[in-house]
Amino acid sequence: MCGIVAYIGKKEAYPIILKGLKRLEYRGYDSAGIALLNNGEINLYKRQGKVSNLEEFAADKNINGNSGIGHTRWATHGAPNDVNAHPHYSSDGSIALIHNGIIENYDSLRKELINHGYVFKSETDTEVLVHLIDDIRKNEKISIAEAVRHALQNVVGAYAIVVISKDNPNQLVAARKSSPLVVGISNEGDFYLASDATPIVEYTKRVVYLEDEEIAVVDLNEGLKIVNIGNQEITPYVQQLQLELEALEKGGYEHFMLKEIHEQPRSINDCFRGRLNADEAWVSLGGIKEYEQKMINAKRIVMVACGTSWHACLVGEYLLEDLARINVEVEYASEFRYRNPIIGENDIVIAVSQSGETADTLAALELAKSKGATILGICNVVGSSISRITDAGSYTHAGPEIGVASTKAFTAQVTVLTLMALSLAYKKGTISDSKFHSMLAELESIPEKVKLVLEKNDLIEKIANTYKDATNALYLGRGSSFPVALEGALKLKEISYIHAEGYPAAEMKHGPIALIDEEMPVFVIATKGTSYEKVVSNIQEVKARKGKIIAIVTEGDIAVKEMADHAIEIPETDEHLVPILATIPLQLLSYHIAVMRGCNVDQPRNLAKSVTVE
């Protein structure tokens, strides 16, 4: 949640920070603000709403200065408005601060600071932190960096912060705990700070990812210094960004979501490039290779994730249990640690996350690690917190995903889990050579088959037009297509605001069938496979109640096409790989319905891309 960007150097800070906020707006867009240090004063500009509102507000203001901090907000404490927008001032205006995270003990700190004479203007937990730093600095007569370090020792919660002080014009102070923060170092001696690398890549490829409870001081005279909260100096580990600037642009598409849907042939191919060879009959996930035998011998594998990644894990559960015959449990990361789970050293815990920064998933990993379990990660962002905390893992290589509703990340996660299941199954001997070879060949063909599904866009757009005014929708699937139904329903909810639910097709009779009438669109994954006849029966039950059937069918299918009001054909593939193909039409349906309803596809209301608070 929330996007942080800051700059200090020789250039004008405002255009750099503003462009960075636009790149980070997918992390939150309730309000935005910038503080600039110029001629010994901190000038503050902030506005409710999107970054464009801030840009319009600041257009005729004094926006000069060579250092500054910026923030785009996803509200936690306090309504989205101008007052609650970040940055927040100290009482005398000598300090300004931006913050991503939640200060859990803000109420007790606030009461203490009120007793010290501080007056609060906002409803945020963040304002507590800037006053606390100010209070410590004045009472103990220490530097701003030391005041930040002392203040954070009194804070309970998650934070990524950047502090600017008019008393230290050559310096910015930053810190993190459970919320990401990266420092960019240019060859010219300028510094950039941000929640992720997207605002930085245009200016430098040299970055340092801060670890939990680390405090960074960037100083134009003394360079970068990092200490931990106990004041032990840390040697910065400088990495090279692999991210390319072109990947952050829309590339001619109307929305990032549409671009990312159409990128899936490439992103899926990138995901398995170098990891499988059908001709030579091998598959290898180098990142987890040394842990494969441990996975085979494990008492069980526990997968933890949230949202779309949780749906990918459900597909992975089917694949690993069916192909590799390994016991798998899938858990919501947000619930995992609150029910005192039974985890031991013989368990494998796999976290799946697009950003690699999801707070609940990180907390679940930390718990599993404390119990002695082996922890692995599957994520998209190189250098992310999950990639650093885990014993090993695999990147999905999907490339930057800017649209808040996840698309290519889902199919990439399912692809990695498919590779994992095939590798473990082959080594364990639970899959025949012929089946293994055929599945590798079929997986290699999936990107071309995704292209064929994308060619159905015009048909899908027409279907979307028919149901754009629906108020409810039902999604049904069986086996590994059930998670696809869940994912399809989530996409429709997220970006079009139509209420939708996904169910196992057989569970429809246990309640949801009561909702079906002639106004209810029912989306059914009805591809050829072991449950085909059962799904046909479920379709007939819907038709008997006059429900509208939109079916995802295998190319050449006649029976379901005759029953359905609309049918979208996908190429025939192995049943285990259907989830990758079947999800594409549902993504396009949601996209077109949302556009027709006038919704903000890339930035749906109340949502943010990376959920870094619990």
# chains A, B, ... in the order shown; residues from 1 in each chain; ligands from 1

$ residues_around --residues "A:Glu345" --least-positions-apart "3" --cutoff "12 Å" --atoms "only C-alpha atoms" --output "ChimeraX atom specification"
/A:294-295,297-301,342,348-349,368-375

$ residues_around --residues "A:Ser481" --least-positions-apart "2" --cutoff "8 Å" --atoms "only C-alpha atoms" --output "NGL selection string"
:A and (315 or 477-479 or 483-485 or 525 or 578-579 or 582)

$ write_last_selection --atoms "C-alpha atoms" --output "mmCIF file, in the first residue's frame"
data_model
loop_
_atom_site.group_PDB
_atom_site.id
_atom_site.type_symbol
_atom_site.label_atom_id
_atom_site.label_comp_id
_atom_site.auth_asym_id
_atom_site.auth_seq_id
_atom_site.Cartn_x
_atom_site.Cartn_y
_atom_site.Cartn_z
ATOM 1 C CA VAL A 315 -4.325 -24.842 -8.877
ATOM 2 C CA GLY A 477 -15.749 -24.978 -12.349
ATOM 3 C CA ARG A 478 -14.669 -28.444 -11.251
ATOM 4 C CA GLY A 479 -11.259 -29.808 -10.329
ATOM 5 C CA PRO A 483 -9.811 -21.938 -8.793
ATOM 6 C CA VAL A 484 -10.224 -20.455 -12.282
ATOM 7 C CA ALA A 485 -13.872 -19.787 -11.429
ATOM 8 C CA ILE A 525 -15.518 -23.678 -17.346
ATOM 9 C CA VAL A 578 -6.544 -25.899 -18.790
ATOM 10 C CA PRO A 579 -6.387 -23.289 -15.968
ATOM 11 C CA ALA A 582 -9.348 -20.887 -19.421
#

$ residues_around --residues "stretch 197-202 of chain A" --least-positions-apart "3" --cutoff "9 Å" --atoms "only C-alpha atoms" --output "PyMOL selection string"
chain A and resi 5+16-17+19-24+181-184+192-194+205-207+241-245+248+400

$ residues_around --residues "stretch 218-228 of chain A" --least-positions-apart "3" --cutoff "12 Å" --atoms "only C-alpha atoms" --output "mmCIF file with N, CA, C and O atoms, in the first residue's frame"
data_model
loop_
_atom_site.group_PDB
_atom_site.id
_atom_site.type_symbol
_atom_site.label_atom_id
_atom_site.label_comp_id
_atom_site.auth_asym_id
_atom_site.auth_seq_id
_atom_site.Cartn_x
_atom_site.Cartn_y
_atom_site.Cartn_z
ATOM 1 N N ALA A 6 11.401 9.707 -3.176
ATOM 2 C CA ALA A 6 12.146 10.861 -2.666
ATOM 3 C C ALA A 6 13.413 11.033 -3.489
ATOM 4 O O ALA A 6 13.903 10.085 -4.113
ATOM 5 N N TYR A 7 13.913 12.266 -3.474
ATOM 6 C CA TYR A 7 15.119 12.567 -4.252
ATOM 7 C C TYR A 7 15.933 13.637 -3.529
ATOM 8 O O TYR A 7 15.379 14.574 -2.933
ATOM 9 N N ILE A 8 17.257 13.514 -3.620
ATOM 10 C CA ILE A 8 18.165 14.574 -3.184
ATOM 11 C C ILE A 8 19.371 14.554 -4.115
ATOM 12 O O ILE A 8 19.930 13.493 -4.415
ATOM 13 N N GLY A 9 19.733 15.739 -4.618
ATOM 14 C CA GLY A 9 20.850 15.796 -5.552
ATOM 15 C C GLY A 9 21.002 17.172 -6.169
ATOM 16 O O GLY A 9 20.661 18.184 -5.553
ATOM 17 N N LYS A 10 21.447 17.187 -7.412
ATOM 18 C CA LYS A 10 21.732 18.448 -8.093
ATOM 19 C C LYS A 10 20.583 18.904 -8.985
ATOM 20 O O LYS A 10 20.564 20.054 -9.430
ATOM 21 N N ASN A 66 16.103 21.153 -4.611
ATOM 22 C CA ASN A 66 16.911 20.019 -5.051
ATOM 23 C C ASN A 66 16.742 18.787 -4.174
ATOM 24 O O ASN A 66 17.454 17.796 -4.350
ATOM 25 N N SER A 67 15.842 18.861 -3.216
ATOM 26 C CA SER A 67 15.518 17.665 -2.427
ATOM 27 C C SER A 67 14.043 17.702 -2.060
ATOM 28 O O SER A 67 13.457 18.782 -1.905
ATOM 29 N N ALA A 145 18.846 12.066 12.228
ATOM 30 C CA ALA A 145 19.007 10.630 11.998
ATOM 31 C C ALA A 145 18.934 9.848 13.306
ATOM 32 O O ALA A 145 18.281 8.793 13.385
ATOM 33 N N GLU A 146 19.586 10.368 14.340
ATOM 34 C CA GLU A 146 19.530 9.710 15.640
ATOM 35 C C GLU A 146 18.122 9.782 16.224
ATOM 36 O O GLU A 146 17.648 8.850 16.869
ATOM 37 N N VAL A 148 15.351 9.805 14.567
ATOM 38 C CA VAL A 148 14.554 8.785 13.864
ATOM 39 C C VAL A 148 14.823 7.414 14.468
ATOM 40 O O VAL A 148 13.895 6.642 14.748
ATOM 41 N N ARG A 149 16.081 7.101 14.687
ATOM 42 C CA ARG A 149 16.428 5.780 15.239
ATOM 43 C C ARG A 149 15.832 5.586 16.631
ATOM 44 O O ARG A 149 15.258 4.530 16.927
ATOM 45 N N HIS A 150 15.924 6.588 17.470
ATOM 46 C CA HIS A 150 15.365 6.497 18.823
ATOM 47 C C HIS A 150 13.835 6.384 18.771
ATOM 48 O O HIS A 150 13.237 5.612 19.525
ATOM 49 N N LEU A 152 11.953 5.124 16.429
ATOM 50 C CA LEU A 152 11.503 3.825 15.917
ATOM 51 C C LEU A 152 11.633 2.727 16.968
ATOM 52 O O LEU A 152 10.971 1.691 16.865
ATOM 53 N N GLN A 153 12.464 2.924 17.968
ATOM 54 C CA GLN A 153 12.550 1.957 19.064
ATOM 55 C C GLN A 153 11.287 1.958 19.914
ATOM 56 O O GLN A 153 11.043 1.017 20.665
ATOM 57 N N VAL A 162 10.425 8.162 4.975
ATOM 58 C CA VAL A 162 11.513 9.060 4.572
ATOM 59 C C VAL A 162 11.245 10.391 5.253
ATOM 60 O O VAL A 162 10.122 10.890 5.258
ATOM 61 N N VAL A 163 12.313 10.947 5.827
ATOM 62 C CA VAL A 163 12.211 12.187 6.599
ATOM 63 C C VAL A 163 13.110 13.239 5.963
ATOM 64 O O VAL A 163 14.265 12.962 5.611
ATOM 65 N N ILE A 164 12.572 14.449 5.834
ATOM 66 C CA ILE A 164 13.342 15.587 5.347
ATOM 67 C C ILE A 164 13.336 16.665 6.429
ATOM 68 O O ILE A 164 12.322 16.877 7.090
ATOM 69 N N ASN A 168 18.922 19.960 8.162
ATOM 70 C CA ASN A 168 19.906 19.093 7.516
ATOM 71 C C ASN A 168 19.622 19.063 6.017
ATOM 72 O O ASN A 168 19.178 18.043 5.470
ATOM 73 N N PRO A 169 19.861 20.151 5.313
ATOM 74 C CA PRO A 169 19.435 20.277 3.916
ATOM 75 C C PRO A 169 20.130 19.339 2.940
ATOM 76 O O PRO A 169 19.641 19.127 1.837
ATOM 77 N N ASN A 170 21.255 18.774 3.318
ATOM 78 C CA ASN A 170 21.991 17.872 2.430
ATOM 79 C C ASN A 170 21.677 16.405 2.684
ATOM 80 O O ASN A 170 22.384 15.528 2.189
ATOM 81 N N GLN A 171 20.588 16.154 3.424
ATOM 82 C CA GLN A 171 20.391 14.802 3.946
ATOM 83 C C GLN A 171 18.915 14.391 3.900
ATOM 84 O O GLN A 171 18.022 15.198 4.127
ATOM 85 N N LEU A 172 18.678 13.122 3.581
ATOM 86 C CA LEU A 172 17.384 12.486 3.796
ATOM 87 C C LEU A 172 17.612 11.266 4.672
ATOM 88 O O LEU A 172 18.634 10.580 4.552
ATOM 89 N N VAL A 173 16.640 10.978 5.550
ATOM 90 C CA VAL A 173 16.728 9.814 6.437
ATOM 91 C C VAL A 173 15.563 8.892 6.119
ATOM 92 O O VAL A 173 14.408 9.331 6.032
ATOM 93 N N ALA A 174 15.865 7.607 5.935
ATOM 94 C CA ALA A 174 14.833 6.622 5.594
ATOM 95 C C ALA A 174 14.981 5.398 6.471
ATOM 96 O O ALA A 174 16.066 5.109 6.988
ATOM 97 N N ALA A 175 13.883 4.674 6.650
ATOM 98 C CA ALA A 175 13.917 3.449 7.456
ATOM 99 C C ALA A 175 12.780 2.541 7.015
ATOM 100 O O ALA A 175 11.786 3.007 6.452
ATOM 101 N N ARG A 176 12.930 1.246 7.315
ATOM 102 C CA ARG A 176 11.859 0.312 6.963
ATOM 103 C C ARG A 176 11.734 -0.814 7.985
ATOM 104 O O ARG A 176 12.709 -1.203 8.642
ATOM 105 N N LYS A 177 10.507 -1.291 8.106
ATOM 106 C CA LYS A 177 10.210 -2.525 8.806
ATOM 107 C C LYS A 177 8.907 -3.072 8.233
ATOM 108 O O LYS A 177 7.859 -2.436 8.345
ATOM 109 N N VAL A 182 13.638 1.024 -1.228
ATOM 110 C CA VAL A 182 14.854 0.821 -2.008
ATOM 111 C C VAL A 182 15.542 2.164 -2.199
ATOM 112 O O VAL A 182 14.897 3.201 -2.366
ATOM 113 N N VAL A 183 16.874 2.141 -2.153
ATOM 114 C CA VAL A 183 17.688 3.345 -2.345
ATOM 115 C C VAL A 183 18.406 3.214 -3.683
ATOM 116 O O VAL A 183 19.082 2.215 -3.941
ATOM 117 N N GLY A 184 18.250 4.231 -4.537
ATOM 118 C CA GLY A 184 18.967 4.273 -5.801
ATOM 119 C C GLY A 184 20.151 5.222 -5.715
ATOM 120 O O GLY A 184 20.047 6.312 -5.152
ATOM 121 N N ILE A 185 21.293 4.797 -6.253
ATOM 122 C CA ILE A 185 22.527 5.581 -6.187
ATOM 123 C C ILE A 185 22.980 5.889 -7.616
ATOM 124 O O ILE A 185 23.282 4.974 -8.381
ATOM 125 N N SER A 186 23.017 7.173 -7.963
ATOM 126 C CA SER A 186 23.439 7.534 -9.317
ATOM 127 C C SER A 186 24.940 7.764 -9.367
ATOM 128 O O SER A 186 25.593 8.000 -8.340
ATOM 129 N N ASN A 187 25.481 7.714 -10.569
ATOM 130 C CA ASN A 187 26.916 7.957 -10.745
ATOM 131 C C ASN A 187 27.280 9.408 -10.476
ATOM 132 O O ASN A 187 28.441 9.733 -10.247
ATOM 133 N N GLU A 188 26.276 10.299 -10.515
ATOM 134 C CA GLU A 188 26.523 11.721 -10.273
ATOM 135 C C GLU A 188 26.482 12.078 -8.790
ATOM 136 O O GLU A 188 26.642 13.244 -8.416
ATOM 137 N N GLY A 189 26.199 11.097 -7.932
ATOM 138 C CA GLY A 189 26.134 11.361 -6.502
ATOM 139 C C GLY A 189 24.762 11.731 -6.003
ATOM 140 O O GLY A 189 24.595 12.110 -4.837
ATOM 141 N N ASP A 190 23.724 11.619 -6.869
ATOM 142 C CA ASP A 190 22.353 11.855 -6.447
ATOM 143 C C ASP A 190 21.775 10.576 -5.846
ATOM 144 O O ASP A 190 22.249 9.464 -6.116
ATOM 145 N N PHE A 191 20.715 10.738 -5.033
ATOM 146 C CA PHE A 191 20.073 9.588 -4.392
ATOM 147 C C PHE A 191 18.564 9.618 -4.657
ATOM 148 O O PHE A 191 17.943 10.682 -4.665
ATOM 149 N N TYR A 192 18.030 8.430 -4.830
ATOM 150 C CA TYR A 192 16.599 8.247 -5.052
ATOM 151 C C TYR A 192 16.104 7.205 -4.061
ATOM 152 O O TYR A 192 16.770 6.185 -3.822
ATOM 153 N N LEU A 193 14.935 7.438 -3.468
ATOM 154 C CA LEU A 193 14.334 6.450 -2.564
ATOM 155 C C LEU A 193 12.908 6.184 -3.031
ATOM 156 O O LEU A 193 12.202 7.112 -3.459
ATOM 157 N N VAL A 207 21.139 -0.072 -6.960
ATOM 158 C CA VAL A 207 20.178 0.061 -5.863
ATOM 159 C C VAL A 207 20.616 -0.746 -4.649
ATOM 160 O O VAL A 207 21.366 -1.718 -4.750
ATOM 161 N N VAL A 208 20.097 -0.304 -3.501
ATOM 162 C CA VAL A 208 20.256 -1.038 -2.239
ATOM 163 C C VAL A 208 18.868 -1.237 -1.657
ATOM 164 O O VAL A 208 18.113 -0.272 -1.491
ATOM 165 N N TYR A 209 18.510 -2.494 -1.379
ATOM 166 C CA TYR A 209 17.234 -2.791 -0.737
ATOM 167 C C TYR A 209 17.444 -2.817 0.775
ATOM 168 O O TYR A 209 18.256 -3.597 1.291
ATOM 169 N N LEU A 210 16.733 -1.958 1.476
ATOM 170 C CA LEU A 210 16.854 -1.938 2.931
ATOM 171 C C LEU A 210 16.203 -3.177 3.527
ATOM 172 O O LEU A 210 15.163 -3.650 3.050
ATOM 173 N N GLU A 211 16.801 -3.689 4.581
ATOM 174 C CA GLU A 211 16.225 -4.811 5.325
ATOM 175 C C GLU A 211 15.444 -4.260 6.514
ATOM 176 O O GLU A 211 15.526 -3.073 6.848
ATOM 177 N N ASP A 212 14.684 -5.142 7.180
ATOM 178 C CA ASP A 212 13.893 -4.733 8.338
ATOM 179 C C ASP A 212 14.767 -4.084 9.414
ATOM 180 O O ASP A 212 15.873 -4.554 9.707
ATOM 181 N N GLU A 213 14.226 -2.996 9.967
ATOM 182 C CA GLU A 213 14.856 -2.243 11.048
ATOM 183 C C GLU A 213 16.225 -1.679 10.659
ATOM 184 O O GLU A 213 17.104 -1.520 11.491
ATOM 185 N N GLU A 214 16.370 -1.368 9.383
ATOM 186 C CA GLU A 214 17.556 -0.651 8.930
ATOM 187 C C GLU A 214 17.189 0.805 8.650
ATOM 188 O O GLU A 214 16.093 1.106 8.174
ATOM 189 N N ILE A 215 18.125 1.688 8.942
ATOM 190 C CA ILE A 215 17.943 3.125 8.752
ATOM 191 C C ILE A 215 19.034 3.602 7.795
ATOM 192 O O ILE A 215 20.222 3.338 8.015
ATOM 193 N N ASN A 231 21.983 0.697 16.144
ATOM 194 C CA ASN A 231 23.086 1.593 15.797
ATOM 195 C C ASN A 231 24.349 0.860 15.352
ATOM 196 O O ASN A 231 25.458 1.420 15.397
ATOM 197 N N GLN A 232 24.210 -0.375 14.891
ATOM 198 C CA GLN A 232 25.345 -1.080 14.300
ATOM 199 C C GLN A 232 25.402 -0.748 12.815
ATOM 200 O O GLN A 232 24.389 -0.838 12.111
ATOM 201 N N GLU A 233 26.570 -0.362 12.334
ATOM 202 C CA GLU A 233 26.679 0.029 10.919
ATOM 203 C C GLU A 233 26.602 -1.202 10.014
ATOM 204 O O GLU A 233 27.172 -2.262 10.310
ATOM 205 N N ILE A 234 25.891 -1.039 8.906
ATOM 206 C CA ILE A 234 25.686 -2.124 7.940
ATOM 207 C C ILE A 234 26.364 -1.725 6.637
ATOM 208 O O ILE A 234 26.199 -0.604 6.150
ATOM 209 N N THR A 235 27.121 -2.632 6.052
ATOM 210 C CA THR A 235 27.731 -2.370 4.747
ATOM 211 C C THR A 235 26.673 -2.512 3.661
ATOM 212 O O THR A 235 26.059 -3.578 3.520
ATOM 213 N N PRO A 236 26.410 -1.452 2.890
ATOM 214 C CA PRO A 236 25.367 -1.538 1.852
ATOM 215 C C PRO A 236 25.710 -2.579 0.789
ATOM 216 O O PRO A 236 26.870 -2.668 0.352
ATOM 217 N N TYR A 237 24.715 -3.353 0.397
ATOM 218 C CA TYR A 237 24.891 -4.330 -0.684
ATOM 219 C C TYR A 237 24.237 -3.761 -1.943
ATOM 220 O O TYR A 237 23.024 -3.710 -2.056
ATOM 221 N N VAL A 238 25.070 -3.293 -2.855
ATOM 222 C CA VAL A 238 24.568 -2.632 -4.063
ATOM 223 C C VAL A 238 24.280 -3.678 -5.130
ATOM 224 O O VAL A 238 25.133 -4.515 -5.454
#

$ closest_residue --among "A:Ile103, A:Leu486, A:Val304, A:Met596" --to "A:Lys462" --atoms "only C-alpha atoms"
A:Met596

$ select_by_dssp --residues "stretch 70-292 of chain A" --states "alpha helix (DSSP H)" --output "ChimeraX atom specification"
/A:106-115,126-140,144-152,256-262,264-272,292

$ select_by_dssp --residues "stretch 360-424 of chain A" --states "strand (DSSP E or B)" --output "PyMOL selection string"
chain A and resi 374-379+392-395

$ write_last_selection --atoms "C-alpha atoms" --output "short mmCIF file (atom, residue, chain, number, x, y, z; two decimals), in the first residue's frame"
data_model
loop_
_atom_site.label_atom_id
_atom_site.label_comp_id
_atom_site.auth_asym_id
_atom_site.auth_seq_id
_atom_site.Cartn_x
_atom_site.Cartn_y
_atom_site.Cartn_z
CA THR A 374 11.83 -24.96 5.20
CA ILE A 375 10.43 -21.84 3.55
CA LEU A 376 10.38 -21.29 -0.22
CA GLY A 377 9.06 -18.45 -2.31
CA ILE A 378 7.48 -17.86 -5.70
CA CYS A 379 7.37 -14.20 -6.61
CA ALA A 392 15.19 -20.63 -1.82
CA GLY A 393 12.60 -20.05 -4.50
CA SER A 394 11.72 -19.25 -8.09
CA TYR A 395 10.99 -16.00 -9.86
#
